[in-house]
Structures are given as structure tokens and as C-alpha cells.
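Have a look at the structure below before the remarks.
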Amino acid sequence: LASSLFLRRNQYSFCVVAVTATLTIGWPFGVVTCVPMGLVILWNQWTTKGGATVGVMKLLSFTALVTVMVQAAVMWIDKARYGRWTSATLNIFTYNAAGGGDELYGVEPASYYVKNLLLNWNIVAPLGLC
């Protein structure tokens, strides 16, 4: 959604909203794919006729405002459902960066993966190995 609106060259505000929603509601690491788009949007704001600093500051302020609003809404819903304040985005980053989550996958012996393949794919497993 954000990419298609970006290509239209006149929907930068909604691009920011879509990317922010991806960050806070969806999978936060997906935002990395939007970095080039964000850099182009910043460059376009920098080179507009309304003043470079003003355009960039307006865009960054709008981005911060949307991020806070969406994150607050997500945290409010999580509070209502889980009974405590939590941030899924912060939990994902904490788990993967600081909590040893990077050791979750790939630490089993090879026999584990063979058994898992046979269990999940059963008679089709030999075709999956081709």
C-alpha cells in the first residue's frame, strides 16, 4: 500500500501512516524495506520550494505524531485485552536483540529437522528434498 501511494508521488502523508502502521501493528522488521522510500520522501521534502528545513521538520513532526497515535492505540487495545500495558514492537525488539532470541532457531541437531520434515510432510517429504 505504501509503495503504490509512494509511486503516485502525491500521497506522502498516507505513505507515512502506512509505514507507521506496519511498524507498530504488523511486523516491525518489514519497515526496513521502506527505508529507500523514506529517504526519497525526505529528499523530496528537502528540495521543495517551501523551504528545505520547514518541509523536513513538518514531515518528521507528522511522522512522530502518527507513530505516537498508532502506538498509543495499539497499547490501549493490548491493555484492554491483556490487562497490562505492553508494547508488541518493543517486546519483539527486546526478544531478538537482548533476550537471547537469536539462538532460538538452528540450535537443534540435524536429526530434529529430519524428524520434523517427516512429521509435517510425511509421504511428500522425499519430494521436498529434491
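Each chain of the C-alpha cells is named A, B, ... in the order shown, its residues numbered from 1; ligands are numbered from 1 in display order.
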*Pull the helix (DSSP H, G or I) assignments for chain A out of DSSP run on the backbone, and list those residues as a count of residues only.*
101
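Residues lying within 10 Å of segment 82-95 of chain A, counting only C-alpha atoms and ignoring same-chain neighbours fewer than 5 positions away, are Leu23, Thr24, Ile25, Gly26, Trp27, Pro28, Phe29, Gln71, Ala72, Val74, Met75, Trp76, Ile77, Gly100, Gly101 and Asp102 of chain A.
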*Find the spatial neighbours of Leu59 of chain A, counting only C-alpha atoms, within a cut-off of 10 Å - ignore same-chain residues fewer than 5 positions away - and output them as number ranges by chain.*
A: 12-13, 16, 41-42, 45-46, 53-54, 64-65
Selected residues, C-alpha atoms, written as a short mmCIF file (atom, residue, chain, number, x, y, z; two decimals), in the first residue's frame, please.
```cif
data_model
loop_
_atom_site.label_atom_id
_atom_site.label_comp_id
_atom_site.auth_asym_id
_atom_site.auth_seq_id
_atom_site.Cartn_x
_atom_site.Cartn_y
_atom_site.Cartn_z
CA TYR A 12 3.45 11.05 1.09
CA SER A 13 1.34 11.60 4.20
CA VAL A 16 3.96 7.68 6.40
CA ILE A 41 10.46 11.31 0.55
CA LEU A 42 12.89 13.19 2.81
CA GLN A 45 10.77 17.45 1.10
CA TRP A 46 14.29 18.87 1.33
CA THR A 53 14.19 22.78 6.73
CA VAL A 54 10.49 23.58 7.07
CA ALA A 64 6.33 11.34 15.10
CA LEU A 65 2.71 12.33 15.74
#
```
*What gap, in Å, lies between atom CA of Thr22 of chain A and atom CA of Ala80 of chain A?*
21.2 Å
